[in-house]
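Structure record follows, encoded as structure tokens.
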Amino acid sequence: MSGIHREGLMFKWSSRNYEIVFGFKRVDHSICSICGKRIPAGNTICNKCFEKEKEISKK
């Protein structure tokens, strides 16, 4: 049993034991509130700015 399914720009091929997914998926991004760099959605600051803030708070 195998088949190819399409959802938008994503193609999914499935067989009895395997599944292959190929295509493009839209990913939402946010902007770092400190430096303005693009970051994954759900975060407010990037990793570099987070490390800087963490160093300052230790002092």
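Residues in the structure tokens are named by chain (A, B, ... in the order shown) and by number from 1 within that chain; ligands are numbered from 1 in the order shown.
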
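The list of residues with at least one atom within 6 Å of A:Ala41, based on only C-alpha atoms and without residues fewer than 3 positions apart in the same chain, reads Asp28, His29 and Ser30 of chain A.
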
Emit the selected residues as a PDB file, in the first residue's frame, including N, CA, C and O atoms.
```pdb
ATOM      1  N   ASP A  28       6.493  31.066  10.802  1.00  0.00           N
ATOM      2  CA  ASP A  28       6.332  32.428  11.296  1.00  0.00           C
ATOM      3  C   ASP A  28       7.574  32.870  12.056  1.00  0.00           C
ATOM      4  O   ASP A  28       8.231  32.071  12.726  1.00  0.00           O
ATOM      5  N   HIS A  29       7.899  34.151  11.950  1.00  0.00           N
ATOM      6  CA  HIS A  29       9.058  34.716  12.627  1.00  0.00           C
ATOM      7  C   HIS A  29       8.652  35.946  13.418  1.00  0.00           C
ATOM      8  O   HIS A  29       7.666  36.597  13.113  1.00  0.00           O
ATOM      9  N   SER A  30       9.433  36.246  14.440  1.00  0.00           N
ATOM     10  CA  SER A  30       9.292  37.467  15.216  1.00  0.00           C
ATOM     11  C   SER A  30      10.572  38.269  15.047  1.00  0.00           C
ATOM     12  O   SER A  30      11.501  37.836  14.380  1.00  0.00           O
TER      13      SER A  30
END
```

*Among chain A, which residues carry a DSSP assignment of strand (DSSP E or B), reported as a PyMOL selection string?*
chain A and resi 3-7+10-14+19-23+29-31+38-40

Just the selected residues (N, CA, C and O atoms), exported as a CSV table (one decimal), in the first residue's frame, please.
```
chain,number,residue,atom,x,y,z
A,3,GLY,N,1.1,5.6,-1.5
A,3,GLY,CA,0.4,6.7,-2.1
A,3,GLY,C,1.1,8.0,-1.9
A,3,GLY,O,1.9,8.2,-1.0
A,4,ILE,N,0.8,9.0,-2.7
A,4,ILE,CA,1.3,10.3,-2.6
A,4,ILE,C,0.2,11.3,-2.3
A,4,ILE,O,-0.8,11.2,-3.0
A,5,HIS,N,0.3,12.1,-1.3
A,5,HIS,CA,-0.7,13.0,-0.9
A,5,HIS,C,-0.1,14.4,-1.0
A,5,HIS,O,1.1,14.6,-0.6
A,6,ARG,N,-0.8,15.4,-1.3
A,6,ARG,CA,-0.3,16.8,-1.4
A,6,ARG,C,-1.2,17.7,-0.6
A,6,ARG,O,-2.4,17.6,-0.6
A,7,GLU,N,-0.5,18.5,0.3
A,7,GLU,CA,-1.1,19.5,1.1
A,7,GLU,C,-0.4,20.8,0.8
A,7,GLU,O,0.7,21.1,1.3
A,10,MET,N,3.4,20.9,0.3
A,10,MET,CA,4.0,19.7,1.0
A,10,MET,C,3.5,18.4,0.3
A,10,MET,O,2.3,18.3,0.1
A,11,PHE,N,4.5,17.5,0.0
A,11,PHE,CA,4.1,16.3,-0.6
A,11,PHE,C,4.5,15.2,0.4
A,11,PHE,O,5.6,15.2,1.0
A,12,LYS,N,3.6,14.2,0.6
A,12,LYS,CA,3.8,13.2,1.5
A,12,LYS,C,3.7,11.8,0.8
A,12,LYS,O,2.6,11.6,0.2
A,13,TRP,N,4.7,11.0,0.8
A,13,TRP,CA,4.7,9.7,0.2
A,13,TRP,C,4.7,8.7,1.4
A,13,TRP,O,5.6,8.8,2.2
A,14,SER,N,3.8,7.8,1.4
A,14,SER,CA,3.7,6.8,2.5
A,14,SER,C,3.6,5.4,1.9
A,14,SER,O,2.9,5.2,0.9
A,19,GLU,N,7.5,6.8,5.7
A,19,GLU,CA,6.8,8.0,5.3
A,19,GLU,C,7.9,9.0,4.9
A,19,GLU,O,8.8,9.3,5.7
A,20,ILE,N,7.8,9.6,3.8
A,20,ILE,CA,8.7,10.7,3.3
A,20,ILE,C,7.8,12.0,3.1
A,20,ILE,O,6.8,11.9,2.4
A,21,VAL,N,8.3,13.1,3.7
A,21,VAL,CA,7.6,14.3,3.5
A,21,VAL,C,8.6,15.3,2.9
A,21,VAL,O,9.8,15.4,3.3
A,22,PHE,N,8.2,16.0,1.8
A,22,PHE,CA,9.0,16.9,1.0
A,22,PHE,C,8.2,18.1,0.6
A,22,PHE,O,7.1,18.0,0.3
A,23,GLY,N,8.9,19.3,0.8
A,23,GLY,CA,8.2,20.5,0.3
A,23,GLY,C,8.6,21.7,1.1
A,23,GLY,O,9.6,21.7,1.8
A,29,HIS,N,7.9,34.2,12.0
A,29,HIS,CA,9.1,34.7,12.6
A,29,HIS,C,8.7,35.9,13.4
A,29,HIS,O,7.7,36.6,13.1
A,30,SER,N,9.4,36.2,14.4
A,30,SER,CA,9.3,37.5,15.2
A,30,SER,C,10.6,38.3,15.0
A,30,SER,O,11.5,37.8,14.4
A,31,ILE,N,10.6,39.4,15.7
A,31,ILE,CA,11.8,40.3,15.7
A,31,ILE,C,12.3,40.5,17.1
A,31,ILE,O,11.5,40.7,18.0
A,38,ARG,N,15.8,38.7,13.1
A,38,ARG,CA,14.6,37.7,12.9
A,38,ARG,C,14.9,36.5,13.8
A,38,ARG,O,16.0,35.9,13.8
A,39,ILE,N,13.9,36.1,14.5
A,39,ILE,CA,13.9,34.9,15.4
A,39,ILE,C,12.7,34.1,15.2
A,39,ILE,O,11.7,34.6,14.7
A,40,PRO,N,12.7,32.8,15.7
A,40,PRO,CA,11.4,32.0,15.6
A,40,PRO,C,10.3,32.6,16.4
A,40,PRO,O,10.5,33.3,17.4
```

*Just the helix (DSSP H, G or I) stuff from chain A, please, per backbone DSSP, written as a count of residues only.*
12

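Pairwise distance (atom CA of A:Asn47, atom CA of A:Ser33) equals 11.8 Å.
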
_Residue neighbourhood A:Lys48, 12 Å, only C-alpha atoms, exclusion window fewer than 5 positions, as a PyMOL selection string_ = chain A and resi 32+34-37+39+53-55

*So how far away is atom CA of A:Leu9 from atom CA of A:Arg26, in Å?*
9.5 Å
